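S.K.: This one is upload_20.txt, compact mmCIF, C-alpha atoms.
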# COMPACT_ATOMS: atom_id res chain seq x y z
CA MET A 940 -11.43 9.04 -16.26
CA ALA A 941 -13.57 6.20 -17.56
CA PHE A 942 -17.28 6.66 -17.97
CA VAL A 943 -19.82 3.90 -17.68
CA TYR A 944 -23.25 3.81 -19.28
CA ASP A 945 -25.66 1.13 -20.39
CA GLU A 946 -27.56 0.82 -23.66
CA LYS A 947 -30.65 2.46 -22.15
CA GLN A 948 -28.64 5.54 -21.12
CA LEU A 949 -26.97 5.66 -24.53
CA THR A 950 -30.32 5.45 -26.32
CA LYS A 951 -31.74 8.24 -24.15
CA ALA A 952 -28.68 10.45 -24.72
CA VAL A 953 -28.93 9.99 -28.51
CA ARG A 954 -32.67 10.68 -28.49
CA GLU A 955 -32.20 13.91 -26.49
CA SER A 956 -29.16 15.21 -28.39
CA THR A 957 -28.65 17.04 -31.65
CA THR A 958 -24.99 16.09 -32.19
CA LEU A 959 -22.70 13.21 -31.31
CA ARG A 960 -20.63 15.64 -29.23
CA GLU A 961 -23.75 16.40 -27.19
CA VAL A 962 -24.30 12.66 -26.67
CA ALA A 963 -20.83 12.42 -25.12
CA VAL A 964 -21.45 15.37 -22.82
CA ARG A 965 -24.85 14.01 -21.72
CA LEU A 966 -23.11 10.77 -20.77
CA GLY A 967 -20.53 12.69 -18.73
CA ALA A 968 -17.64 12.06 -21.11
CA GLN A 969 -15.10 14.40 -22.69
CA PRO A 970 -15.96 14.70 -26.39
CA ALA A 971 -12.42 13.75 -27.48
CA SER A 972 -11.73 11.85 -30.71
CA GLY A 973 -11.29 8.47 -28.98
CA THR A 974 -14.52 8.93 -27.07
CA MET A 975 -16.39 9.89 -30.21
CA SER A 976 -15.08 6.82 -32.04
CA HIS A 977 -16.12 4.62 -29.13
CA LEU A 978 -19.62 6.16 -29.08
CA ARG A 979 -20.02 5.71 -32.85
CA ARG A 980 -19.11 2.05 -32.47
CA ARG A 981 -21.41 1.46 -29.48
CA ILE A 982 -24.34 3.27 -31.17
CA ALA A 983 -23.90 1.25 -34.36
CA GLU A 984 -23.62 -2.04 -32.42
CA ALA A 985 -26.81 -1.22 -30.49
CA GLY A 986 -28.65 -0.31 -33.70
CA ILE A 987 -29.73 3.05 -32.29
CA ASP A 988 -31.37 5.34 -34.86
CA VAL A 989 -29.18 8.39 -35.47
CA GLY A 990 -31.11 9.73 -38.44
CA ARG A 991 -31.90 12.93 -36.58
CA LEU A 992 -28.25 13.71 -35.83
CA PRO A 993 -26.52 15.80 -38.50
CA GLY A 994 -24.19 13.47 -40.39
CA GLY A 995 -25.41 10.42 -38.49
CA LEU A 996 -22.32 8.61 -37.25
CA GLU A 997 -19.89 10.30 -39.60
CA PRO A 998 -16.96 12.04 -37.90
CA GLU A 999 -17.65 15.71 -37.27
CA THR A 1000 -15.55 18.04 -39.37
CA ARG A 1001 -14.78 21.68 -38.93
CA ASP A 1002 -14.97 24.20 -41.71
CA SER A 1003 -11.33 25.19 -42.29
CA SER A 1004 -12.40 28.72 -43.23
CA THR A 1005 -13.68 29.36 -39.68
CA PRO A 1006 -11.24 30.01 -36.85
Would you mind writing the file out in structure tokens?
M.R.:
Amino acid sequence: MAFVYDEKQLTKAVRESTTLREVAVRLGAQPASGTMSHLRRRIAEAGIDVGRLPGGLEPETRDSSTP
């Protein structure tokens, strides 16, 4: 299912979130890899400050030592 949001909604979601995954959820999207890539691209294009998000726009990685 496609999700639609404007730059204002994206900015608000980034401001209120602590992770990129949370941004996706706040926008009503599944935090799948394609969605996350799309959000990274849209955030960068809009010039939204992500300094408060851990890792900024870098892909989230899991610690392989944790199940």
S.K.: So which one's closest to Lys947 of chain A, A:Ile987, A:Gln969, A:Leu992, A:Ser976? Using all atoms listed in the file, please.
M.R.: A:Ile987
S.K.: To one decimal place in Å, what is the distance between atom CA of Ala968 of chain A and atom CA of Gly990 of chain A?
M.R.: 22.1 Å
S.K.: What's the 12 Å shell around Val964 of chain A, counting all atoms listed in the file, without same-chain residues fewer than 6 positions away, as a PyMOL selection string?
M.R.: chain A and resi 942+949+952-953+955-958+970-971+974-975+978
S.K.: Could you take the residues named above and write them with C-alpha atoms, as a short mmCIF file (atom, residue, chain, number, x, y, z; two decimals), keeping the file's coordinate frame?
M.R.:
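The result, stored in again.cif:
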data_model
loop_
_atom_site.label_atom_id
_atom_site.label_comp_id
_atom_site.auth_asym_id
_atom_site.auth_seq_id
_atom_site.Cartn_x
_atom_site.Cartn_y
_atom_site.Cartn_z
CA PHE A 942 -17.28 6.66 -17.97
CA LEU A 949 -26.97 5.66 -24.53
CA ALA A 952 -28.68 10.45 -24.72
CA VAL A 953 -28.93 9.99 -28.51
CA GLU A 955 -32.20 13.91 -26.49
CA SER A 956 -29.16 15.21 -28.39
CA THR A 957 -28.65 17.04 -31.65
CA THR A 958 -24.99 16.09 -32.19
CA PRO A 970 -15.96 14.70 -26.39
CA ALA A 971 -12.42 13.75 -27.48
CA THR A 974 -14.52 8.93 -27.07
CA MET A 975 -16.39 9.89 -30.21
CA LEU A 978 -19.62 6.16 -29.08
#
S.K.: State, in Å with one decimal place, the distance from atom CA of Arg960 of chain A to atom CA of Gly986 of chain A.
M.R.: 18.4 Å
S.K.: Could you check which of A:Arg980, A:Lys951, A:Val989, A:Asp945 is closest to Arg965 of chain A, using only C-alpha atoms?
M.R.: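 Nearest to Arg965 of chain A: A:Lys951.
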S.K.: Go through A:Asp988, A:Val943, A:Pro993, A:Arg981 one by one, measure the shortest atom-to-atom distance of each to Leu959 of chain A using all atoms listed in the file, and give the residue with the smallest value.
M.R.: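 Of the candidates, the smallest distance to Leu959 of chain A is held by A:Pro993.
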